[in-house]
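To be precise, the following lines are model28.tsv, and they hold TSV, C-alpha atoms and all ligand atoms.
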```tsv
chain	number	residue	atom	x	y	z
A	15	MET	CA	0.00	0.00	0.00
A	16	ASN	CA	1.12	3.51	-0.63
A	17	SER	CA	0.89	5.86	2.27
A	18	ALA	CA	0.58	9.07	0.25
A	19	ALA	CA	-1.69	11.51	2.01
A	20	THR	CA	-3.90	14.05	0.28
A	21	SER	CA	-1.89	17.22	0.38
A	22	THR	CA	-1.16	20.39	-1.45
A	23	ILE	CA	2.54	21.18	-1.28
A	24	GLN	CA	4.84	23.79	-2.73
A	25	PRO	CA	2.29	26.57	-2.03
A	26	ARG	CA	2.94	29.84	-3.81
A	27	SER	CA	1.70	33.26	-2.79
A	28	ASP	CA	1.35	34.71	-6.32
A	29	ALA	CA	-1.99	34.05	-7.99
A	30	SER	CA	-0.89	32.16	-11.06
A	31	PRO	CA	2.71	30.97	-11.07
A	32	GLY	CA	3.74	29.89	-14.55
A	33	LEU	CA	0.60	31.24	-16.18
A	34	ALA	CA	1.70	34.42	-17.88
A	35	HIS	CA	-1.01	34.98	-20.46
A	36	HIS	CA	-4.03	37.06	-19.49
A	37	ALA	CA	-6.64	34.80	-21.10
A	38	THR	CA	-5.28	31.61	-19.55
A	39	SER	CA	-4.90	33.33	-16.19
A	40	GLU	CA	-8.60	34.18	-16.33
A	41	ALA	CA	-9.67	30.69	-17.38
A	42	TYR	CA	-7.55	29.04	-14.72
A	43	CYS	CA	-7.81	31.61	-11.93
A	44	SER	CA	-10.90	33.85	-11.69
A	45	GLN	CA	-12.99	31.43	-13.78
A	46	ALA	CA	-11.62	28.19	-12.31
A	47	ARG	CA	-14.99	27.27	-10.77
A	48	ASP	CA	-16.64	27.42	-14.21
A	49	TYR	CA	-13.99	25.20	-15.80
A	50	ASP	CA	-15.76	21.84	-15.42
A	51	GLN	CA	-18.93	23.12	-17.05
A	52	ARG	CA	-17.06	25.00	-19.80
A	53	THR	CA	-15.13	21.90	-20.83
A	54	ASP	CA	-17.82	19.26	-20.37
A	55	ALA	CA	-17.81	18.56	-24.11
A	56	PHE	CA	-14.27	17.28	-23.67
A	57	ARG	CA	-15.36	14.52	-21.28
A	58	ARG	CA	-15.23	11.71	-23.87
A	59	TRP	CA	-11.62	12.67	-24.71
A	60	ARG	CA	-10.63	12.39	-21.05
A	61	GLU	CA	-12.21	8.92	-20.92
A	62	LEU	CA	-10.44	7.92	-24.13
A	63	LEU	CA	-7.10	9.15	-22.82
A	64	VAL	CA	-7.29	7.25	-19.55
A	65	GLU	CA	-8.56	4.14	-21.36
A	66	GLN	CA	-5.45	4.27	-23.53
A	67	LEU	CA	-3.05	4.63	-20.58
A	68	PRO	CA	-1.87	1.10	-19.72
A	69	VAL	CA	-1.66	1.44	-15.95
A	70	GLN	CA	-2.43	-1.17	-13.36
A	71	ARG	CA	-3.65	-1.29	-9.79
A	72	GLY	CA	-1.01	0.00	-7.44
A	73	ASP	CA	0.73	2.16	-10.05
A	74	THR	CA	1.89	5.74	-9.54
A	75	VAL	CA	0.62	8.22	-12.16
A	76	LEU	CA	1.55	11.84	-12.85
A	77	ASP	CA	-1.51	13.85	-13.95
A	78	VAL	CA	0.33	16.74	-15.63
A	79	GLY	CA	-1.67	20.00	-15.62
A	80	CYS	CA	-4.40	18.21	-13.68
A	81	GLY	CA	-6.54	21.36	-13.38
A	82	THR	CA	-9.70	20.77	-11.35
A	83	GLY	CA	-9.02	17.04	-11.28
A	84	LEU	CA	-11.50	15.84	-13.90
A	85	CYS	CA	-9.24	12.89	-14.77
A	86	LEU	CA	-8.85	11.83	-11.13
A	87	PRO	CA	-11.98	9.60	-10.90
A	88	LEU	CA	-10.98	7.84	-14.13
A	89	LEU	CA	-7.43	7.30	-12.88
A	90	GLN	CA	-8.68	6.10	-9.49
A	91	ASP	CA	-10.69	3.38	-11.23
A	92	LYS	CA	-7.44	2.14	-12.78
A	93	VAL	CA	-4.85	2.43	-10.00
A	94	GLY	CA	-7.17	1.68	-7.08
A	95	PRO	CA	-6.61	2.70	-3.46
A	96	GLY	CA	-3.15	1.11	-3.47
A	97	GLY	CA	-1.98	3.36	-6.30
A	98	THR	CA	-0.83	6.96	-6.13
A	99	ILE	CA	-1.83	9.93	-8.29
A	100	ILE	CA	0.22	13.10	-8.33
A	101	GLY	CA	-1.59	16.06	-9.83
A	102	ILE	CA	0.60	18.98	-10.88
A	103	ASP	CA	-0.76	22.39	-11.81
A	104	ALA	CA	0.45	25.99	-11.69
A	105	SER	CA	-2.95	27.41	-10.78
A	106	GLU	CA	-3.85	27.43	-7.11
A	107	GLN	CA	-7.47	28.12	-8.00
A	108	MET	CA	-7.72	25.05	-10.24
A	109	LEU	CA	-6.03	22.91	-7.59
A	110	GLN	CA	-8.40	24.26	-4.95
A	111	VAL	CA	-11.28	22.69	-6.91
A	112	ALA	CA	-9.23	19.50	-7.37
A	113	GLY	CA	-8.59	19.41	-3.63
A	114	GLU	CA	-12.31	19.67	-2.92
A	115	ARG	CA	-12.93	16.75	-5.29
A	116	VAL	CA	-10.29	14.71	-3.46
A	117	ALA	CA	-11.81	15.54	-0.08
A	118	GLU	CA	-15.35	14.77	-1.26
A	119	HIS	CA	-14.27	11.29	-2.39
A	120	ARG	CA	-12.02	10.80	0.65
A	121	TRP	CA	-9.15	9.74	-1.56
A	122	ASP	CA	-6.00	9.45	0.52
A	123	ASN	CA	-3.75	8.48	-2.37
A	124	VAL	CA	-3.67	11.81	-4.25
A	125	GLU	CA	-0.98	14.49	-3.93
A	126	LEU	CA	-1.51	17.90	-5.50
A	127	LEU	CA	1.56	19.97	-6.36
A	128	VAL	CA	1.12	23.70	-6.97
A	129	ALA	CA	3.95	24.47	-9.37
A	130	PRO	CA	4.83	25.15	-12.97
A	131	VAL	CA	5.53	21.71	-14.41
A	132	ALA	CA	9.06	22.75	-15.37
A	133	ALA	CA	9.93	23.45	-11.74
A	134	ALA	CA	7.77	20.90	-9.91
A	135	ALA	CA	9.70	18.99	-7.25
A	136	ILE	CA	8.36	15.52	-7.95
A	137	GLU	CA	9.39	13.11	-5.22
A	138	HIS	CA	8.33	9.94	-7.00
A	139	THR	CA	9.44	7.75	-9.85
A	140	ALA	CA	6.16	7.18	-11.63
A	141	ASP	CA	4.78	4.33	-13.74
A	142	ALA	CA	2.87	6.64	-16.07
A	143	ALA	CA	2.26	10.25	-17.10
A	144	LEU	CA	-0.98	11.72	-18.41
A	145	PHE	CA	-1.16	14.98	-20.39
A	146	CYS	CA	-4.81	15.93	-20.84
A	147	ALA	CA	-5.47	19.16	-22.75
A	148	VAL	CA	-2.27	20.85	-21.64
A	149	HIS	CA	-1.05	22.54	-24.80
A	150	ASP	CA	1.15	25.07	-22.99
A	151	VAL	CA	2.97	22.30	-21.13
A	152	MET	CA	3.40	20.34	-24.37
A	153	GLN	CA	5.27	23.33	-25.83
A	154	SER	CA	7.86	23.44	-23.02
A	155	ARG	CA	10.84	21.14	-23.44
A	156	THR	CA	11.90	21.86	-19.85
A	157	ALA	CA	8.49	20.91	-18.48
A	158	LEU	CA	8.33	17.70	-20.51
A	159	SER	CA	11.88	16.75	-19.49
A	160	ASN	CA	11.03	17.22	-15.82
A	161	ILE	CA	8.17	14.75	-16.22
A	162	VAL	CA	10.06	12.15	-18.26
A	163	ASP	CA	12.98	12.38	-15.81
A	164	HIS	CA	10.57	11.21	-13.10
A	165	LEU	CA	9.29	8.17	-14.99
A	166	ARG	CA	10.71	4.69	-14.67
A	167	PRO	CA	12.09	3.11	-17.86
A	168	GLY	CA	9.23	1.87	-20.02
A	169	ALA	CA	6.62	3.92	-18.14
A	170	ALA	CA	3.43	4.70	-20.07
A	171	VAL	CA	2.89	8.18	-21.51
A	172	ALA	CA	-0.36	9.43	-23.04
A	173	ALA	CA	-1.42	12.86	-24.27
A	174	ILE	CA	-4.61	14.22	-25.81
A	175	GLY	CA	-5.60	17.66	-26.98
A	176	GLY	CA	-6.61	19.97	-29.75
A	177	LYS	CA	-4.67	20.67	-32.94
A	178	TRP	CA	-5.13	22.48	-36.22
A	179	PRO	CA	-7.08	20.46	-38.77
A	180	ALA	CA	-6.06	20.66	-42.45
A	181	PRO	CA	-5.88	24.23	-43.89
A	182	TRP	CA	-8.72	23.61	-46.35
A	183	THR	CA	-11.14	22.87	-43.48
A	184	TRP	CA	-11.29	26.57	-42.61
A	185	PRO	CA	-14.72	26.53	-40.91
A	186	LEU	CA	-13.46	23.77	-38.63
A	187	ARG	CA	-10.25	25.75	-37.99
A	188	ALA	CA	-12.28	28.77	-36.94
A	189	TRP	CA	-14.27	26.60	-34.54
A	190	VAL	CA	-11.06	25.09	-33.12
A	191	ALA	CA	-9.56	28.55	-32.63
A	192	ASN	CA	-12.62	29.76	-30.69
A	193	LEU	CA	-12.80	26.62	-28.61
A	194	HIS	CA	-9.17	26.62	-27.48
A	195	ALA	CA	-8.28	30.33	-27.33
A	196	PRO	CA	-9.29	30.80	-23.66
A	197	PHE	CA	-7.19	27.82	-22.60
A	198	VAL	CA	-3.85	28.27	-24.41
A	199	THR	CA	-1.21	30.99	-24.15
A	200	ASP	CA	-0.94	30.99	-27.93
A	201	PHE	CA	-1.27	28.61	-30.86
A	202	ALA	CA	2.46	28.03	-31.36
A	203	GLY	CA	3.01	24.37	-32.15
A	204	PHE	CA	-0.71	23.72	-32.66
A	205	ASP	CA	-0.08	21.94	-35.96
A	206	ARG	CA	1.82	19.10	-34.19
A	207	PRO	CA	1.46	19.68	-30.42
A	208	TRP	CA	3.19	16.37	-29.57
A	209	ARG	CA	6.42	17.31	-31.43
A	210	LEU	CA	8.59	17.96	-28.33
A	211	LEU	CA	7.17	14.97	-26.47
A	212	ALA	CA	8.12	12.75	-29.43
A	213	ASP	CA	11.77	13.75	-28.91
A	214	LEU	CA	11.63	12.33	-25.38
A	215	VAL	CA	9.32	9.39	-26.08
A	216	PRO	CA	10.76	7.79	-29.22
A	217	ASP	CA	8.00	5.19	-29.71
A	218	LEU	CA	5.20	7.78	-29.48
A	219	GLN	CA	2.27	6.77	-31.69
A	220	VAL	CA	-0.06	9.57	-32.74
A	221	ARG	CA	-3.53	9.38	-34.19
A	222	GLU	CA	-5.85	12.15	-35.21
A	223	LEU	CA	-9.27	12.65	-33.66
A	224	ALA	CA	-12.32	14.66	-34.74
A	225	PHE	CA	-11.40	15.15	-38.41
A	226	GLY	CA	-7.92	16.37	-37.46
A	227	ALA	CA	-9.09	18.80	-34.77
A	228	GLY	CA	-7.53	16.67	-32.06
A	229	TYR	CA	-4.84	14.09	-31.41
A	230	LEU	CA	-4.12	11.17	-29.13
A	231	ALA	CA	-0.46	10.26	-28.53
A	232	VAL	CA	0.64	7.14	-26.65
A	233	GLY	CA	4.11	5.76	-25.96
A	234	HIS	CA	6.67	4.77	-23.34
A	235	ALA	CA	9.55	6.44	-21.54
A	236	PRO	CA	12.90	5.28	-22.91
A	237	GLY	CA	14.34	2.11	-21.41
A	238	ASP	CA	13.23	-1.45	-20.93
A	239	ARG	CA	9.54	-2.13	-21.33
A	240	PRO	CA	7.91	-3.94	-18.42
A	241	LEU	CA	6.14	-7.23	-19.04
A	242	MET	CA	2.44	-6.37	-18.98
A	301	LIG	C1	-7.13	22.99	-20.26
A	301	LIG	S1	-6.63	22.75	-18.60
A	301	LIG	C2	-6.61	20.97	-18.50
A	301	LIG	C3	-6.92	20.49	-17.13
A	301	LIG	C4	-7.14	18.98	-16.99
A	301	LIG	N1	-5.99	18.24	-17.45
A	301	LIG	C5	-8.38	18.55	-17.72
A	301	LIG	O1	-8.34	17.55	-18.44
A	301	LIG	O2	-9.43	19.16	-17.53
A	301	LIG	C6	-4.87	23.13	-18.61
A	301	LIG	C7	-4.28	23.14	-17.20
A	301	LIG	O3	-2.86	23.22	-17.33
A	301	LIG	C8	-2.37	24.10	-16.35
A	301	LIG	N2	-1.09	24.63	-16.84
A	301	LIG	C9	-0.84	25.32	-17.97
A	301	LIG	N3	0.46	25.59	-18.10
A	301	LIG	C10	1.06	25.04	-17.01
A	301	LIG	C11	2.40	24.96	-16.57
A	301	LIG	N4	3.40	25.48	-17.29
A	301	LIG	N5	2.66	24.33	-15.40
A	301	LIG	C12	1.64	23.79	-14.67
A	301	LIG	N6	0.36	23.82	-15.05
A	301	LIG	C13	0.07	24.43	-16.20
A	301	LIG	C14	-3.44	25.16	-16.20
A	301	LIG	O4	-3.37	25.81	-14.94
A	301	LIG	C15	-4.70	24.32	-16.36
A	301	LIG	O5	-5.20	23.89	-15.12
```

Would you mind writing the structure in this file as structure tokens?
Amino acid sequence: MNSAATSTIQPRSDASPGLAHHATSEAYCSQARDYDQRTDAFRRWRELLVEQLPVQRGDTVLDVGCGTGLCLPLLQDKVGPGGTIIGIDASEQMLQVAGERVAEHRWDNVELLVAPVAAAAIEHTADAALFCAVHDVMQSRTALSNIVDHLRPGAAVAAIGGKWPAPWTWPLRAWVANLHAPFVTDFAGFDRPWRLLADLVPDLQVRELAFGAGYLAVGHAPGDRPLM
């Protein structure tokens, strides 16, 4: 059994460490309590992502940019009470909601770290990492390296999110732009959001979702693969 207690560590006094952009600061700070409702349409993608993450009971999982913790119930179903989930997010307001979710369910195997992913002091070697709708994190080589450095060899990695569909699908592109604008600092890298992760996860397999408006990427940290 893991003995991880529910806790929020690395508290910061500034409102939004690591969240520089005004729009994202609003979405993840003053509007954090509206986040679950605003992104409800994304629920099926969260389910798909966790389904695709090959974790087992007792595993330790990093939920990178966990936000309000919408992936936590799905991850709990997989790792069980003997597993550990570490949620990392730069927004105290988002983690406040996540902490309430944890308390409501009386999960004692979740740790919430308030920190930019690039600087998070992760005190575990994890069996898996989940990147759910975290475009800004996906564009930071330092952040991704900090996560992969805390994975055991062969650990599972899975990412899902929005991307630009083909240029000729301009009505769809306009819809994608509107949908994601409040939640990303900018659209740099939005053509292939997994590009930096692929440098660190050489076997990363990517498939398009929603007529090219999204992607799902699954792979393993470098090193020996475990027998599943
Ligand atoms: C669109 S939300 C996704 C939240 C959650 N994964 C979900 O599926 O609902 C993006 C989250 O990433 C966090 N975030 C963005 N950049 C970050 C960074 N550099 N370090 C830590 N968290 C970051 C934001 O605070 C926000 O909670």

Review point. Taking into account only C-alpha atoms and all ligand atoms, which residue in the set A:Leu211, A:Val69, A:Val220, A:Ile174 is nearest to ligand LIG 301 (chain A)?
Key: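 The answer is A:Ile174, which sits nearest to ligand LIG 301 (chain A).
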
Practice item. For A:Met108, work out the shell of residues within 8 Å, counting all atoms listed in the file and skipping chain neighbours fewer than 3 positions away, then give it as a ChimeraX atom specification. Key: /A:42-43,46-47,81-82,103,105,111-112

Point to revise | Proximity to A:Arg60 - best of A:Val151, A:Leu76, A:Ala172, A:Val215, only C-alpha atoms | key: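 Nearest candidate to A:Arg60 out of A:Val151, A:Leu76, A:Ala172, A:Val215: A:Ala172.
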
Using all atoms listed in the file, what does the table of chain A residues within 7 Å of ligand LIG 301 (chain A) look like, with each row giving the shortest atom pair and its distance in Å to one decimal, sorted by chain and ascending number, as a tab-separated table?
```
residue	atom	partner	partner_atom	distance
A:Gly32	CA	A:LIG301	N4	5.2
A:Leu33	CA	A:LIG301	N3	6.0
A:Tyr42	CA	A:LIG301	O4	5.3
A:Arg60	CA	A:LIG301	O1	6.2
A:Val78	CA	A:LIG301	N1	6.7
A:Gly79	CA	A:LIG301	O3	3.8
A:Cys80	CA	A:LIG301	N1	4.1
A:Gly81	CA	A:LIG301	O5	3.4
A:Thr82	CA	A:LIG301	O2	6.4
A:Gly83	CA	A:LIG301	C4	6.3
A:Leu84	CA	A:LIG301	O2	5.3
A:Cys85	CA	A:LIG301	O1	6.0
A:Ile102	CA	A:LIG301	C12	6.2
A:Asp103	CA	A:LIG301	N6	3.7
A:Ala104	CA	A:LIG301	C12	3.9
A:Ser105	CA	A:LIG301	O4	4.5
A:Met108	CA	A:LIG301	O5	5.6
A:Ala129	CA	A:LIG301	C12	5.8
A:Pro130	CA	A:LIG301	N5	3.4
A:Val131	CA	A:LIG301	N5	4.0
A:Ala132	CA	A:LIG301	N4	6.6
A:Phe145	CA	A:LIG301	N1	6.5
A:Cys146	CA	A:LIG301	N1	4.3
A:Ala147	CA	A:LIG301	C2	4.8
A:Val148	CA	A:LIG301	C6	4.6
A:Asp150	CA	A:LIG301	N3	5.0
A:Val151	CA	A:LIG301	N4	5.0
A:Ala157	CA	A:LIG301	N4	6.9
A:Phe197	CA	A:LIG301	C1	5.4
```

Exercise for review: Would you mind listing what lies within 8 Å of A:Gln153 as a PyMOL selection string, with only C-alpha atoms counted and same-chain residues fewer than 6 positions away left out?
Suggested key: chain A and resi 202-203+207+210

Check your understanding: Using only C-alpha atoms, which of the listed residues (A:Asp73, A:Gln66, A:Ala191, A:Thr156) sits closest to A:Gln219?
Key -> A:Gln66

Check your understanding: If you count only C-alpha atoms, which residues fall within 6 Å of A:Thr139, apart from same-chain ones fewer than 6 positions away, as a list in words?
Key -> His164, Leu165 and Arg166 of chain A

**Study point:** Gap from atom CA of A:Ala117 to atom CA of A:Phe56 - Å, one decimal
**Key:**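 Taking atom CA of A:Ala117 and atom CA of A:Phe56, their separation equals 23.8 Å.
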
Review point. How many Å separate atom CA of A:Leu158 from atom CA of A:Val93?
Key: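 One can read the atom CA of A:Leu158 to atom CA of A:Val93 distance as 22.7 Å.
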
Review point. Between atom CA of A:Arg58 and atom CA of A:Leu144, what is the distance, to one decimal in Å?
Key: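 Atom CA of A:Leu144 lies 15.3 Å from atom CA of A:Arg58.
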
Point to revise | 6 Å contact set for A:Pro167, all atoms listed in the file, chain neighbours under 5 positions out, as an MDAnalysis selection string | key: chainID A and resid 235:238

Point to revise | Best match for closeness to A:Asp50 among A:Arg71, A:His149, A:Arg120, A:Arg115, counting all atoms listed in the file | key: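 Of A:Arg71, A:His149, A:Arg120, A:Arg115, the one nearest A:Asp50, counting all atoms listed in the file, is A:Arg115.
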
Point to revise | Using all atoms listed in the file: which of A:Gly233, A:Gly96, A:Gly113, A:Pro181 has the shortest distance to A:Pro68 | key: A:Gly233
